[in-house]
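Structure, as structure tokens:
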Amino acid sequence: MKVFVANFAFHQGVNGKVAPINSVAIHPDLTRFATAGGDNKVKIWCMVTLLKAMEDQEINKAMEPLCTLSSHNGQVACVRWSNSGEYLASCSDDMTIIIWKFGGRSSIAPIKEFWKCLTTIKKHTADVIDVCWSPDDKYIASTSVSNCIIIWDLEHNQMVTTLQAHRTIVKGVAWDPIGKYIATQCDKSVIIWRVADWQVEHRIEIPFVKASADGFFRRLSWTPDGSYLVITNGVSGSSQVAPLVQRTDWEITLDFTASFAPIVAAKFSPTILSRNDNFFCCALGSLDGTISIWLTCQPIPLAILEKIFDQNLGIDFSWSNDGKLLLCCSTDGKIVLLNFNELEIGKPQSENEFKDNLKKQYGDISSKIIPETPDQLEIEQKNFTNQQIPLITKMQNEKININQKINNDTNKQSLTVTASGKKRIKPQIIDMSSTLLSPTHVKNALNLLNSESNQNSHLSIIDLINNHSNGNDNNKSENLVNQTHFIDLETTNSHNTI
């Protein structure tokens, strides 16, 4: 895994300071990425230049944006490319949403591209916080400080409906990739809405009884096949968690956690991954600037990046379509790019395999927006149990409670002091639930799973833990040194290879 801090891609604030970057989005064809700035601007950058800078370790390379869009009159809160890549949506504190379209190349330096405003949506009565596209790019969903969600029909350029069931500011929205639901989140609840009639399907409140109201965003995310939804800002006991919610019954399957601060952003990779069984990869971001990367085939994170951001009130993520690149941004004005290889995260499922998977799970999908009919519901209910991601189910069966990673073993935390005199408690890999997983068992099992010499063994993390517990592979496990990767960017360089 490579970690690269793009110091040269930023928004200019007042008095020479760097402005917040509230959102980031990689174009589907990997040619560009867009950023939403606290300077009221949207900037579009060359992704190829960023990748070359990472490869050449050019930390201080000069980089001008391809284009700067200055039509908003307030901080830009979010940017999202349409699934086709033809359009870019931006929303702002000025209560508007703007849809942008490519307008051609420019010969006038330093502008390299023109992007024209296709339409401006002015139906919100307060700051617009988040925006997302429907799977077929026909609709936009947006959330606001006014506690409501607006659905906009782009084909007919008109409002479809206003959704009002949240009691506080709606800070996040995510459209089900199958097109059947929309999930929205405020500080104290998550609501699942049916697209068919725009009524409430389910409300989730239990994880948020003790939840914090800090932070600007609550960015939730669906798995690429829509079978699970990860929500943010949850609290379980004394742990800050991101609960994983199962489709159809909306029950919380398990909790992710790797931070002492509220988790405010989550993003699943857009592809299903595989070593032998299928699994997902998810990035989580918290208010203390920590990013953790999780694979659902193992009960501990692949990597934890500590203090990667400073003065953070919001984090955003954007994955490349192949799941190998993850672009991260923060309100501290920093952009960080992570690059994974197949040994670390598995092999992406092919497009045909992905379509076959959806067909088995939901039936014959002729449209990306699935009507809610009795026949479709019967197919979905019947097939979902058999199509669950195997290793999530296995983690459930083994009763691995990820949220006990931190609060069960705080006495094992190590205190370090940085060169600047700051004190920091560094999380350790500890017991996950019961006598099944001791710290040594988990650590050595993950070592064995990720070691190159064993990449063809197709063992799950649970298999390896059980093998080690039974006395197998002791010598091999003890000789391996890799584990969950802890990276602290306050004490390391801007460019790291793990």
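Going through the structure tokens in order, the chains are called A, B, and so on, while each chain numbers its residues from 1 and the ligands are numbered from 1 in the order shown.
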
- Message: Quick one: residues within 10 Å of Asn22 of chain A, only C-alpha atoms, excluding same-chain residues fewer than 2 positions away - as a PyMOL selection string?
- Response: chain A and resi 19-20+24+35-38+75-79+129+216-217+313-316+329-334

- Enumerate as number ranges by chain all residues of segment 18-254 of chain A assigned to alpha helix (DSSP H) by DSSP on the backbone, naming them with the chain letters and numbers the document uses. A: 47-56

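Taking atom CA of Glu201 of chain A and atom CA of Gln164 of chain A as the two end points, the separation is 13.4 Å.
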
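Compared by their closest atoms to Phe309 of chain A, and using only C-alpha atoms, the residues A:Asp137, A:Leu287, A:Asp249, A:Lys101 rank with A:Leu287 nearest.
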
Give one line per residue of segment 270-373 of chain A that approaches segment 53-59 of chain A to at most 10 Å, naming the two atoms of the closest pair and their distance in Å to one decimal, counting only C-alpha atoms; sort by chain then ascending residue number and deliver it as CSV.
```
residue,atom,partner,partner_atom,distance
A:Leu337,CA,A:Met54,CA,8.3
A:Leu338,CA,A:Met54,CA,9.5
A:Asn339,CA,A:Met54,CA,9.3
```

Filtering to N, CA, C and O atoms, could you give me those residues as a PDB file, in the first residue's frame?
```pdb
ATOM      1  N   LEU A 337      -3.792  10.328  -1.189  1.00  0.00           N
ATOM      2  CA  LEU A 337      -4.099   9.243  -2.121  1.00  0.00           C
ATOM      3  C   LEU A 337      -3.501   7.948  -1.608  1.00  0.00           C
ATOM      4  O   LEU A 337      -2.320   7.883  -1.267  1.00  0.00           O
ATOM      5  N   LEU A 338      -4.323   6.899  -1.533  1.00  0.00           N
ATOM      6  CA  LEU A 338      -3.881   5.552  -1.157  1.00  0.00           C
ATOM      7  C   LEU A 338      -3.944   4.650  -2.375  1.00  0.00           C
ATOM      8  O   LEU A 338      -4.921   4.700  -3.137  1.00  0.00           O
ATOM      9  N   ASN A 339      -2.936   3.820  -2.530  1.00  0.00           N
ATOM     10  CA  ASN A 339      -2.855   2.892  -3.663  1.00  0.00           C
ATOM     11  C   ASN A 339      -2.659   1.476  -3.134  1.00  0.00           C
ATOM     12  O   ASN A 339      -1.687   1.204  -2.432  1.00  0.00           O
TER      13      ASN A 339
END
```

- Task: Could you find all residues in segment 195-354 of chain A that DSSP calls strand (DSSP E) from the backbone, and write them as a VMD selection string?
- Result: chain A and resid 200 to 204 221 to 222 228 to 230 234 to 236 239 to 246 252 to 256 263 to 268 273 to 274 278 to 279 281 to 286 291 to 295 303 to 306 315 to 319 325 to 330 335 to 339 347 to 348

- Item | Shortest interatomic distance to Glu351 of chain A - which of A:Ile272, A:Ile263, A:Val195, A:Val200, counting only C-alpha atoms | A:Ile272

- Record the distance separating atom CA of Cys91 of chain A and atom CA of Pro224 of chain A, expressed in Å with one decimal. 24.1 Å

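For the pair atom CA of Gln349 of chain A and atom CA of Ser274 of chain A, the interatomic distance is 6.8 Å.
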